[in-house]
Structure formats: structure tokens, C-alpha cells
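Each remark here refers to the structure printed beneath this line.
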2 protein chains.
Amino acid sequence: MQRPMIGHLDPLLHERLLEVIDMLRLTWRTSASTVLPLSATGTSGMEAGIVNLLAPGQTIVVGACGYFGRRIAQVAKRHGANVVLVEANWGEPVDRELLLETLAHYPDAAMLAVVHAETSTGIEQPLPGLARAAREVAPEVLLMADCVTSLGGVEVEFDAWEIDYAYSCTQKCLGAPPGMSPIALSERALHRMGARQHEVPFSLDLALLRSYWLERPAVYHHTAPILSIYALHEALRIALAEPLERRWRRHRMAGAYLQQGLQAVGMELLADPIWQLAPLTAIRVPEGIDGRAVQQRMLEEHNIEIGGGLGPDAPAMWRIGLMGPNASEETADLVLGAFEAVLSELAAPAGAAV
Amino acid sequence: MQRPMIGHLDPLLHERLLEVIDMLRLTWRTSASTVLPLSATGTSGMEAGIVNLLAPGQTIVVGACGYFGRRIAQVAKRHGANVVLVEANWGEPVDRELLLETLAHYPDAAMLAVVHAETSTGIEQPLPGLARAAREVAPEVLLMADCVTSLGGVEVEFDAWEIDYAYSCTQKCLGAPPGMSPIALSERALHRMGARQHEVPFSLDLALLRSYWLERPAVYHHTAPILSIYALHEALRIALAEPLERRWRRHRMAGAYLQQGLQAVGMELLADPIWQLAPLTAIRVPEGIDGRAVQQRMLEEHNIEIGGGLGPDAPAMWRIGLMGPNASEETADLVLGAFEAVLSELAAPAGAAV
């Protein structure tokens with residue numbers, strides 16, 4: 001991001017952008033589909049998929065195992081869709097049989113949406129085979145997957161899993177600063193978009209955005225965040241050089257190491273270990289501990305930021321991300337050490353004789 | 001942007017953000033209104049104003065003196081508004097009498113929108129007194145102003161001019177990298193927003209975004225582009241330290257100097273000089289010259305990027321921005337010298353004896 005700023009229509013940028021797109025294609029594991037980085041947040045990536053691929057009045061079945069799944073439902077409802085929400089129990093992914101049974105009640109459903117890596121709970125929703133099974137009961141359904149916390153850190157196979165629309169962000173497992181939302185669209189999704197009859201917001205119109213990114217410099221839409229594109233370029237280069245398969249394994253091993261370490265000192269994972277996501281670990285705050293106070297001390301005394309629960313009905317929890325360069329045993333050890341220090345200080349009141 | 005990355009909910013960021021908001025308030029020249037930087041493009045700033053403050057079916061009168069005015073109409077139409085477009089002649093702002101006469105035919109109009117600084121043509125649309133005159137014929141009307149190319153380089157008086165909603169971007173006269181869209185909302189606009197009955201896209205919902213920025217860290221909406229906030233913080237600090245009034249004058253003098261220099265070598269301004277914007281100068285491409293070829297040579301041989309016409313019906317033109325740190329006679333001289341060099345080379349065919 002320290003390279004010289006150039007214009008967003010500069011031919012040099014166009015070359016960088018084509019490289020970004022080639023690298024994104026490799027990262028999403030797709031050959032034929034359209035991939036682009038939206039100049040927007042991950043939430044805009046979610047909303048763009050919904051408003052472009054689903055018409056008001058059409059049915060979307062949403063499988064939610066946490067905050068972000070419910071957000072999909074909320075966004076779709078605002079768009080005027082008929083939203084059917086299938087919720088998982090806390091700590092589990094959405095039951096696939098239940099999801100498919102529900103979908104079978106809506107054979108005209110236009111979209112099935114799930115969260116591959118639920119940032120609010122640390123649960124991985126298995127995707128292989130889901131799209132195919134869904135189309136058996138609802139032939140026109142497109143599968144949308146939230147890959148915000150998986151892309152670049154957990155195996156995502158856009159083509160092999162027959163995903164139709166997926167979105168992520170730059171600041172999680174890709175390890176770049178926040179600012180862009182990489183998306184991928186299948187041929188089926190493009191076809192749906194081409195047949196669209198309803199209006200969508202200009203800034204979320206994927207047909208216009210696709211022209212802007214891929215037919216440049218012919219079509220103007222907005223001014224892209226040049227420095228964020230540089231950062232994404234470098235982040236993708238690093239991810240692919242590792243290479244990707246090793247990066248997934250590194251995330252998996254670091255996550256498992258952290259999770260074992262936390263359990264070894266008596267912490268309870270929020271997710272069922274079978275479905276535990278590698279890059280994001282959610283643990284329950286032990287009885288009698290002020291979770292927010294611990295977060296604050298972790299930040300102030302150990303320079304480690306951990307999250308709390310998202311949303312009003314979340315149980316008391318801490319969320320720990322080991323993503324990108326931080327997916328290592330070294331970082332896990334720092335986190336474990338800081339937890340131990342903070343919790344033991346809280347257990348021994350200040351000034352008490354030890 | 002080289003400062004350490006911190007979390008978007010970190011208390012340290014919250015402090016920086018409050019400083020950004022205080023500085024934005026000074027830059028917009030407003031005391032009471034709500035100001036925030038959207039994590040989005042200027043176009044999203046435009047669209048956010050429309051979808052939040054105007055219900056589908058309501059009337060918006062749009063005054064357009066170029067590409068971006070027409071874009072407002074397009075965005076409002078997508079939203080389902082009744083759009084009344086008042087177009088100016090090329091090179092002139094929208095005639096105020098015509099605008100008010102048109103508005104008078106729609107006394108229930110909910111919004112009047114104009115472009116303060118039209119980036120596509122280099123025209124400044126005078127704003128003082130417009131809001132008051134508009135409310136005399138349409139009492140409920142809110143004034144929306146596109147200040148993309150004016151904020152930080154041309155006088156903008158949000159309170160004194162009684163603007164209700166204005167949006168800008170970071171990469172023009174504020175001189176920061178592209179990535180955010182500073183906006184301002186009046187009390188009238190907030191009141192309209194509070195009474196809203198229609199649904200708006202989640203990522204453009206200004207009520208949620210206002211909570212996210214101003215009631216932090218309580219309300220989560222998205223992950224803000226931290227580094228862009230640092231950049232905006234520094235850009236605003238520089239702009240206010242100059243101070244602002246001197247900065248406007250510097251832009252005015254640099255623009256006038258460039259415009260005189262261009263006219264001195266026979267170039268024709270696209271805008272009537274009375275309405276000529278300081279930071280953006282559009283000139284007609286002389287007969288017989290390939291405008292895009294000149295742009296390319298300016299970029300490749302002189303490292304100066306100038307724009308062409310925006311939109312399919314634009315006349316052949318070059319657009320030159322002198323914005324932020326580039327609003328100086330030195331930069332104007334560089335541009336004038338490069339033009340002279342490129343045009344004289346084109347006039348003397350390669351290899352011809354001189």
C-alpha cells in the first residue's frame with residue numbers, strides 16, 4: 001500500500017487488476033466463473049448476491065448457525081424476498097436433512113443460502129454435495145455461500161462444490177486490510193442475472209460492476225480503492241505462493257493447537273468439536289468471569305484483541321481468530337499465555353497475599 | 001496508512017474516529033448535523049441519500065448539468081421514485097428559475113438534488129439560497145447536494161446553505177486515497193429518516209450506519225476500512241490546518257491560473273467561465289486531434305493523468321483536476337508544459353524535417 005497511487009483507469013492498474021482476478025480465480029478454485037473484488041464490505045458482498053440473484057417475492061431458504069446466517073435472512077427480507085429461515089442449535093451447523101426437507105416444501109425456491117464459516121460461533125457448515133442435493137428438490141435454486149471467514153484459510157471449492165455465488169472479505173484469512181469483498185459467480189448465477197427483471201441499487205449492481213472490472217477501461221462505475229487493490233494483490237500472491245493447500249493445513253493445525261490448549265485449561269468450546277472451524281474459535285466465558293473485562297485486559301496488557309458474542313441473544317463467549325499470518329502455534333501460544341495471565345490475575349484479587 | 005493495523009472495535013480506533021467526525025463537521029461547516037464517513041464509494045454516498053430519504057413513489061426533482069446529475073436520476077429511478085429531470089445546457093449549471101418552476105409543479109416533492117461540483121463538465125452549481133427558495137414552493141423538500149469534487153477544495157457551507165444531505169469522497173479535494181464517502185445529514189433529514197416506512201438495503205441503511213459510527217462500540221454493522229480512516233484523519237488534519245478558507249483560495253487560484261494558461265494557447269473551456277469550477281477544468285479537444293491519444297501520451301511521457309469525457313453523449317474533451325496538494329501553479333505549469341510538448345509533437349509528424 002506504499003506504492004505510488006495511480007488513477008483507477010490507468011492501464012497499469014488494469015494489468016494489476018487482471019492479475020488480481022487471475023489470483024482470485026485460483027483462490028476461489030474456479031475456472032469458468034466470474035470473480036471480482038467489490039469496493040465494499042463483506043456485508044455488501046452478501047447483499048449484492050441477494051439483490052442481484054433473487055427477485056422480490058421469490059423464496060430464499062436460509063440456513064443459519066449464528067449471527068451472519070440471520071443477517072442473510074434480514075438482508076433478504078429487506079429486499080422483499082419470501083424468507084424461510086432454518087436455524088441450527090447453538091454450536092452446530094444447520095442439519096442438512098432438515099435444510100433439504102424444508103427446501104423441498106418450496107420447489108420454486110430461487111436461492112439457498114448458508115454460511116460456510118460462521119464467524120459468530122466458529123462453526124463450519126459442510127458444503128460438498130449440498131448444491132446438487134438442493135437442485136434435486138428445487139431445480140432452479142442457486143446456492144449462496146458466505147465465505148467471509150473461510151476464503152484463504154479453509155478449503156473452499158467453488159467449482160467442485162457447485163456454489164453459485166460466494167463472497168468473502170480481505171481482512172480475515174487473506175490477511176489484507178479491510179476494504180474489499182472478493183466475490184465469485186457461477187455461469188448459472190450469471191444467467192440468472194442476465195434474465196433479471198427487477199431493479200437493483202446502482203452501487204450493488206453486479207452486471208455494472210462486472211463490466212467495470214472486466215471491460216475496463218471502457219465502462220465507468222466508481223473509483224476503485226487503488227491501495228486496497230495493491231494490498232489484495234500482495235495478499236493473494238502470498239496465499240498462492242504458500243501454496244493454498246498448505247495454508248489451509250496451517251490454519252487447521254494452528255486452530256487445533258489453540259483449541260486443545262484452551263480445553264487443556266478447562267475452557268469449553270462453543271461449537272461441537274466435529275464442526276469446529278479452524279480460523280475462528282469461540283469459547284464460553286467461564287461462570288463468574290466478566291468476559292468484557294477479560295477482553296479489555298487482553299487488549300491493554302497483552303496487545304491481543306479477542307471478540308465477544310455478536311448479537312443480543314449470544315451466550316457469553318470469547319471469539320479468537322487465528323487467520324492469515326497469525327495462523328501459527330506461536331500466536332496460539334501468545335493467546336494461551338495471555339489468557340492464563342489475565343485469568344490468574346482475576347482469580348487472585350489485587351493486593352491479596354499469595 | 002503505515003500505522004499499525006488495529007481492530008475496528010478497538011477503543012483506540014474509536015477515539016480516532018471521533019476526531020475524524022469532529023474534523024468532518026468542520027470541513028462540512030456544520031454544527032448540529034450528523035456527519036460520518038461511509039465505508040464506500042462516492043456513488044454509494046449518493047445512493048444512500050436517495051434510498052434513505054426518499055420513498056419509492058415519491059417525487060425527486062433532479063437538476064443535472066452533466067454525467068453525475070444524470071446518475072442521480074438513474075439511481076432514484078432504480079429506487080422506484082418519480083424522477084423529474086431538469087437538464088442544463090452543456091457548459092452551464094441548471095437554471096435556478098427553471099429548477100424552481102419545475103419544482104413548483106410538484107409541491108409534494110420529497111427531494112431536490114443538484115450537483116454542486118460536476119466532475120464531468122467542470123461546472124459549479126451555486127447553492128446559497130436554493131434550499132430556502134425550494135421550500136417556498138415545495139415545503140417538505142430536502143436538498144441533496146453532490147459535493148464529490150467540492151468538499152475540501154471549494155466553499156461548502158452545509159448549515160448556512162441549509163443543505164439536508166451531502167456526500168463527497170476522499171480522493172478528490174481532500175487528497176486522501178479513494179475508499180470512503182464522507183456524508184452529512186441535517187436535522188430535517190434525520191427526522192425524515194426516523195419516520196421512514198420503506199425498507200432500504202442493509203449496507204446503505206444510514207440509521208444503522210449512524211449507530212455503528214456514533215454509538216460505538218455497542219452496535220456492530222460491518223468492519224470499517226481502518227487504514228482508510230487513518231488516511232482520512234490525516235487528510236482532514238492537513239486541510240483544516242491550512243486552514244480551509246486558504247485551501248479554497250489556493251484551489252481557486254490554481255484553477256484560474258491553469259484556465260488562463262490553457263486559453264492563452266487557444267484551448268476552449270467547456271464551461272461558461274462564470275460557472276467554471278476551480279478544481280476541475282474541462283476543455284474541448286481541438287478539431288483534428290485524437291483526444292485519447294493525447295491522454296495516453298500525457299500519461300506515458302509526462303506521468304500526468306487527465307480524463308476524457310464521461311458518458312456516451314459527452315463531446316470530445318479533456319478533464320484536468322487540480323485537487324488537494326496538486327492545486328498549485330507548479331502543477332498547473334507541469335500540465336501546461338506537457339500539453340504543449342505533446343500537442344507540438346503531434347503537429348510535427350514523426351520523422352518530418354523541421
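Identifiers for the C-alpha cells are assigned positionally: chains receive A, B, ... in sequence, residues are indexed from 1 per chain, and ligands are indexed from 1 in the order shown.
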Please return, as an NGL selection string, all residues of chain A lying within 6 Å of chain B when only C-alpha atoms are considered. :A and (40 or 44 or 75 or 78 or 178-179 or 199 or 202-203 or 225)
Prev. selection, C-alpha atoms, output as a tab-separated table (two decimals), in the first residue's frame:
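The file below, result02.tsv, is the result:
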chain	number	residue	atom	x	y	z
A	40	ALA	CA	-17.14	-2.65	-0.41
A	44	SER	CA	-22.18	-5.55	0.74
A	75	VAL	CA	-30.99	-8.59	4.19
A	78	ARG	CA	-35.44	-6.02	3.30
A	178	PRO	CA	-10.35	-4.44	5.41
A	179	GLY	CA	-11.81	-2.65	2.40
A	199	GLU	CA	-34.26	-3.08	-10.38
A	202	PHE	CA	-26.81	1.06	-8.63
A	203	SER	CA	-23.91	0.57	-6.25
A	225	PRO	CA	-9.77	1.90	-3.81
Using only C-alpha atoms for the distances, tell me which of A:Arg25, A:Arg210, A:Arg16, A:His191 is nearest to Leu38 in chain A. A:Arg210
I need the residues in range 117-250 of chain B that are alpha helix (DSSP H) according to DSSP; give them as a VMD selection string. chain B and resid 130 to 137 187 to 194 206 to 214 226 to 241 244 to 250
Could you list, as a ChimeraX atom specification, every residue within 8 Å of range 325-327 of chain A, counting only C-alpha atoms and ignoring same-chain residues fewer than 4 positions away? /A:175,250-251,254-255,279,331-332
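Coordinates place CA of Thr119 in chain B at a distance of 9.2 Å from CA of Ser150 in chain B.
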Might you pull out every residue within 9 Å of Val154 in chain A, with only C-alpha atoms counted and same-chain residues fewer than 5 positions away left off, and present them as number ranges by chain? A: 117, 149, 173, 245, 247-249, 251-252, 277-279
Non-local contacts of Val35 in chain B (8 Å; only C-alpha atoms; under 6 positions in same chain excluded) as a list in words: Ile21, Leu24, Arg25, Pro182, Ile183, Ala184 and Leu185 of chain B
Store the residues picked out above, limited to N, CA and C atoms, as a PDB file, in the first residue's frame.
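Now in selection_20.pdb:
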ATOM      1  N   ILE B  21     -14.708  12.540  12.961  1.00  0.00           N
ATOM      2  CA  ILE B  21     -16.052  13.116  12.887  1.00  0.00           C
ATOM      3  C   ILE B  21     -16.028  14.598  13.254  1.00  0.00           C
ATOM      4  N   LEU B  24     -14.574  16.307  10.280  1.00  0.00           N
ATOM      5  CA  LEU B  24     -15.525  16.317   9.149  1.00  0.00           C
ATOM      6  C   LEU B  24     -16.577  17.399   9.351  1.00  0.00           C
ATOM      7  N   ARG B  25     -17.014  17.555  10.600  1.00  0.00           N
ATOM      8  CA  ARG B  25     -18.001  18.583  10.911  1.00  0.00           C
ATOM      9  C   ARG B  25     -17.467  19.966  10.526  1.00  0.00           C
ATOM     10  N   PRO B 182     -17.448  10.641   2.782  1.00  0.00           N
ATOM     11  CA  PRO B 182     -17.960  11.442   3.896  1.00  0.00           C
ATOM     12  C   PRO B 182     -19.338  12.010   3.552  1.00  0.00           C
ATOM     13  N   ILE B 183     -20.262  11.900   4.480  1.00  0.00           N
ATOM     14  CA  ILE B 183     -21.611  12.425   4.258  1.00  0.00           C
ATOM     15  C   ILE B 183     -22.016  13.336   5.403  1.00  0.00           C
ATOM     16  N   ALA B 184     -23.045  14.143   5.174  1.00  0.00           N
ATOM     17  CA  ALA B 184     -23.622  14.978   6.234  1.00  0.00           C
ATOM     18  C   ALA B 184     -25.134  14.969   6.082  1.00  0.00           C
ATOM     19  N   LEU B 185     -25.809  14.893   7.213  1.00  0.00           N
ATOM     20  CA  LEU B 185     -27.282  14.875   7.254  1.00  0.00           C
ATOM     21  C   LEU B 185     -27.768  15.988   8.165  1.00  0.00           C
TER      22      LEU B 185
END
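Between Glu136 in chain B and the residues B:Val114, B:Ala256, B:Ala109, B:Glu157, the shortest atom-to-atom distance, using only C-alpha atoms, involves B:Ala109.
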